[in-house]
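A short write-up of the structure that comes next.
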Amino acid sequence: MSSSADIQMNGNGHTNHDHILRPRAVKPANQAVLRTLNEEGLLAADNVQNGNISGQTSGRSTPVPADAPPSVQSISSARKQLRAEQRRRLFPTIEYASRVSHFDPNSDYREFQGFFILFWIALTIMAITTMLRNIKDTGYPMRVEIWQLFTVKVWELALADGLMVLSTAVSLPLHRLFRSQLGNMLGLRWQGGGMALQSMYQLVWFAFWVVLPFNREWTWTAQVFLTLHTLVLLMKMHSYAFYNGHLSETERRLKALDEPSTASKAPAYQYPSAGHTPTSEERNKKDADELSRLREDLAIELTSPMGAVTYPKNLTWANYTDYIFCPTLCYELEYPRTPGIVWTELGYKILAVFGVIFLLTITSEEFILPVMTESAYRLETVTSFSETALILAESISMLLFPFMITFLLVFLVIFEYVLGAFAEITCFADRHFYSDWWNSTDWLEFSREWNIPVHHFFRRHVYSASRPHIGRTMATLITFLISAIGHEIVMACITKKIRGYGFLAQMSQLPIVMLQRTKWVKGKRVLNNVCFWCSMILGLSMMCSLYVLC
């Protein structure tokens with residue numbers, strides 16, 4: 001307990017509590033992000049000066065007094081200019097920064113590392129006990145039913161996957177055609193026939209690579225891998241084509257301003273009116289200022305946020321190849337980079353990928369496949385609805401824990417290890433592929449934090465692209481609809497069935513979110529997080545049982 005003598009007084013006569021240890025913020029903020037917020041004036045100035053940077057902010061900067069020193073006013077002016085330039089970009093941009101993942105030892109969440117290690121120890125115990133049981137029962141440490149699937153037509157899968165990646169490169173020569181004089185003569189400007197031609201190619205390309213595994217009768221493991229990679233490359237190709245298409249039209253308009261008398265002078269974005277009727281002299285001066293400002297806006301749009309790359313210098317095979325390997329789905333002219341590859345980190349992540357695949361196979365082989373096989377056999381012998389429902393309920397209950405483990409392992413292998421390995425290979429500095437989705441209180445929050453690359457793509461190319469035309473509500477509905485169709489395609493590839501269970505489950509998240517945001521439920525974070533985890537665990541095992549057994 002602190003006595004009254006322990007309480008210090010500052011120079012203003014107020015109580016000084018700086019000696020008291022304060023708890024860490026709920027979400028410790030990454031220093032790189034905090035520096036960005038500080039540069040934009042979104043953090044309180046006294047926190048920065050005292051070295052007490054906190055992520056808790058109202059999102060507003062403190063107004064600068066009129067009698068502030070010139071140095072303070074100049075810094076405030078520079079911050080406003082930077083924020084204005086960021087708002088002046090016409091195409092929605094993704095704010096990349098040098099960040100580490102949550103499970104990185106240098107992360108602000110490093111205190112979570114002990115539970116992370118405990119998780120791996122528990123899985124190691126599970127794998128060892130499973131192998132010992134198999135040795136006792138069969139004489140072999142592992143079952144081989146799923147392992148055999150990995151070797152069926154593996155070279156055919158590798159060849160098809162390589163050809164699929166190469167076929168996405170058609171977007172680069174197509175774009176060069178769209179911005180050329182020949183393309184203009186043929187009516188293939190991006191805003192003319194170029195966008196339609198690119199969209200048609202993407203549609204045919206996607207349909208071909210989704211249907212191919214069915215025609216070749218691949219195993220479900222190979223088909224799921226190719227389908228997921230197909231969806232990733234489709235989003236990459238779309239982002240590359242549509243962002244560069246926007247830049248080509250911006251470049252065309254900037255060049256047209258070399259002849260101001262014939263060029264369109266419509267503003268790049270809407271400016272607020274001055275509030276009065278300008279005089280003839282003011283109108284002439286305003287026209288000259290607007291023309292200069294329009295040129296500046298268009299030039300800023302053609303330059304990367306970091307300022308090192310300008311369109312069309314990015315239209316090279318090296319740039320496209322680098323983008324394909326970068327762990328992001330949204331194309332930008334430039335990304336933040338690390339100084340070089342950390343080979344020990346890369347080796348660790350590659351080994352972790354194979355280790356997690358090994359654990360996934362054991363979990364499926366030992367705890368999921370036997371339940372599905374036995375339940376399918378029992379369903380063939382029953383006739384009444386009550387017996388069928390009982391078998392389904394029993395199957396779902398027995399799969400709850402295995403599917404929870406499978407879900408966590410799939411999350412780790414994709415977002416921590418595979419994406420982390422590609423980030424290391426390409427020196428991609430922004431490793432923020434996920435946030436603390438385990439603390440989610442509704443499904444919208446989960447969709448934003450569980451898969452940040454896909455969230456960025458949908459926000460930029462689906463939600464932001466459709467919202468000005470159809471409004472916020474319909475844009476959200478369209479975004480969920482496209483996501484639900486993608487999930488249903490993946491489930492159809494796994495089970496070779498089209499049932500619509502996944503589609504319905506995905507779309508049902510919207511009314512659930514509306515319910516959770518009512519005044520009776522909103523704000524109860526523990527209750528909502530419990531509901532989130534219960535629905536997640538139950539939903540995974542229920543989806544599997546319905547698709548496989550029904």
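The chains in the structure tokens are called A, B, ... from first to last as shown; in each chain the residues are counted from 1, and the ligands are counted from 1 in the order shown.
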Self-check item: Test item: residues at most 10 Å from Pro305 of chain A, only C-alpha atoms, excluding those fewer than 4 positions along its chain, as a VMD selection string
Solution: chain A and resid 85 to 86 89 93 to 96 300 to 301 309 to 310 332 to 335
Per residue of segment 359-465 of chain A within 12 Å of segment 222-238 of chain A, record the nearest atom pair and its distance in Å to one decimal, counting only C-alpha atoms, with rows in chain order and ascending residue number, as JSON lines.
{"residue": "A:Ile414", "atom": "CA", "partner": "A:Leu228", "partner_atom": "CA", "distance": 11.3}
{"residue": "A:Pro453", "atom": "CA", "partner": "A:Val232", "partner_atom": "CA", "distance": 10.0}
{"residue": "A:Val454", "atom": "CA", "partner": "A:Met235", "partner_atom": "CA", "distance": 8.6}
{"residue": "A:His455", "atom": "CA", "partner": "A:Met235", "partner_atom": "CA", "distance": 11.5}
{"residue": "A:His456", "atom": "CA", "partner": "A:Met235", "partner_atom": "CA", "distance": 10.9}
{"residue": "A:Phe457", "atom": "CA", "partner": "A:Met235", "partner_atom": "CA", "distance": 7.4}
{"residue": "A:Phe458", "atom": "CA", "partner": "A:Met235", "partner_atom": "CA", "distance": 9.3}
{"residue": "A:Arg460", "atom": "CA", "partner": "A:Met235", "partner_atom": "CA", "distance": 11.3}
{"residue": "A:His461", "atom": "CA", "partner": "A:His238", "partner_atom": "CA", "distance": 8.5}
{"residue": "A:Val462", "atom": "CA", "partner": "A:Met235", "partner_atom": "CA", "distance": 10.8}
Exercise. Fewer than 5 positions away in the same chain doesn't count, so skip those; otherwise give me all residues within 9 Å of Phe325 of chain A, counting only C-alpha atoms, as a ChimeraX atom specification.
Key: /A:320,422-423,425-426
Exercise. Give me the residues within 10 Å of Arg143 of chain A as a list of chain:residue names, counting only C-alpha atoms and dropping any in the same chain fewer than 4 places off.
Key: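 Answer for this query is A:Met131, A:Asn134, A:Ile135, A:Thr138, A:Trp147, A:Gln148, A:Thr361, A:Ile362, A:Glu365, A:Glu366.
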Practice problem: May I ask for the distance between atom CA of Thr406 of chain A and atom CA of Leu360 of chain A, given in Å to one decimal place? | Solution: 6.2 Å
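Candidate residues A:Val418, A:Met164, A:Leu400, A:Ala389 were compared for distance to Leu212 of chain A, and the nearest is A:Met164, using only C-alpha atoms.
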Exercise. Just the residues within 7 Å of Ser545 of chain A, please, counting only C-alpha atoms, with nothing from its chain fewer than 3 positions along; format it as a list in words.
Key: Leu392, Ser395, Ile396, Ser541, Met542, Val548 and Leu549 of chain A
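Of note, atom CA of Leu546 of chain A and atom CA of Arg499 of chain A are spaced 8.8 Å apart.
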Quiz item: If we count only C-alpha atoms, what is near segment 197-199 of chain A at a cut-off of 8 Å, once residues fewer than 3 positions away on the same chain are taken out, given as a PyMOL selection string?
Solution: chain A and resi 171+174+193-194+202-203+241
Contacts of Glu394 of chain A at 10 Å (only C-alpha atoms; same-chain gap of 6+ positions) as a compact mmCIF listing (two decimals) with all heavy atoms, in the first residue's frame:
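Final file, out13.txt:
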# COMPACT_ATOMS: atom_id res chain seq x y z
N VAL A 371 -14.06 -41.68 -37.70
CA VAL A 371 -15.42 -41.28 -37.31
C VAL A 371 -16.32 -41.18 -38.54
O VAL A 371 -17.46 -41.66 -38.55
CB VAL A 371 -15.39 -39.95 -36.55
CG1 VAL A 371 -16.82 -39.46 -36.26
CG2 VAL A 371 -14.61 -40.09 -35.25
N SER A 375 -19.51 -43.64 -39.29
CA SER A 375 -20.83 -43.01 -39.36
C SER A 375 -21.48 -43.25 -40.72
O SER A 375 -22.70 -43.48 -40.81
CB SER A 375 -20.69 -41.50 -39.11
OG SER A 375 -20.18 -41.26 -37.82
N THR A 388 -31.07 -41.47 -37.75
CA THR A 388 -30.15 -40.69 -38.58
C THR A 388 -29.67 -39.44 -37.84
O THR A 388 -28.48 -39.11 -37.86
CB THR A 388 -30.85 -40.28 -39.89
OG1 THR A 388 -31.28 -41.45 -40.59
CG2 THR A 388 -29.91 -39.47 -40.78
N SER A 545 -19.65 -32.99 -41.16
CA SER A 545 -20.60 -34.10 -41.06
C SER A 545 -21.70 -33.99 -42.11
O SER A 545 -22.06 -34.99 -42.75
CB SER A 545 -21.22 -34.12 -39.66
OG SER A 545 -20.23 -34.31 -38.68
Practice problem: Please measure the separation of atom CA of Leu315 of chain A and atom CA of Ile452 of chain A, giving the value in Å to one decimal. | Solution: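 Atom CA of Leu315 of chain A sits 26.3 Å away from atom CA of Ile452 of chain A.
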Quiz item: Quick one: DSSP alpha helix (DSSP H) residues in segment 413-485 of chain A, as a ChimeraX atom specification?
Solution: /A:419-426,443-449,452-458,464-485
Quiz item: Using only C-alpha atoms, which of A:Leu538, A:Leu177, A:Thr130, A:Gly486 sits nearest Phe367 of chain A?
Solution: A:Thr130
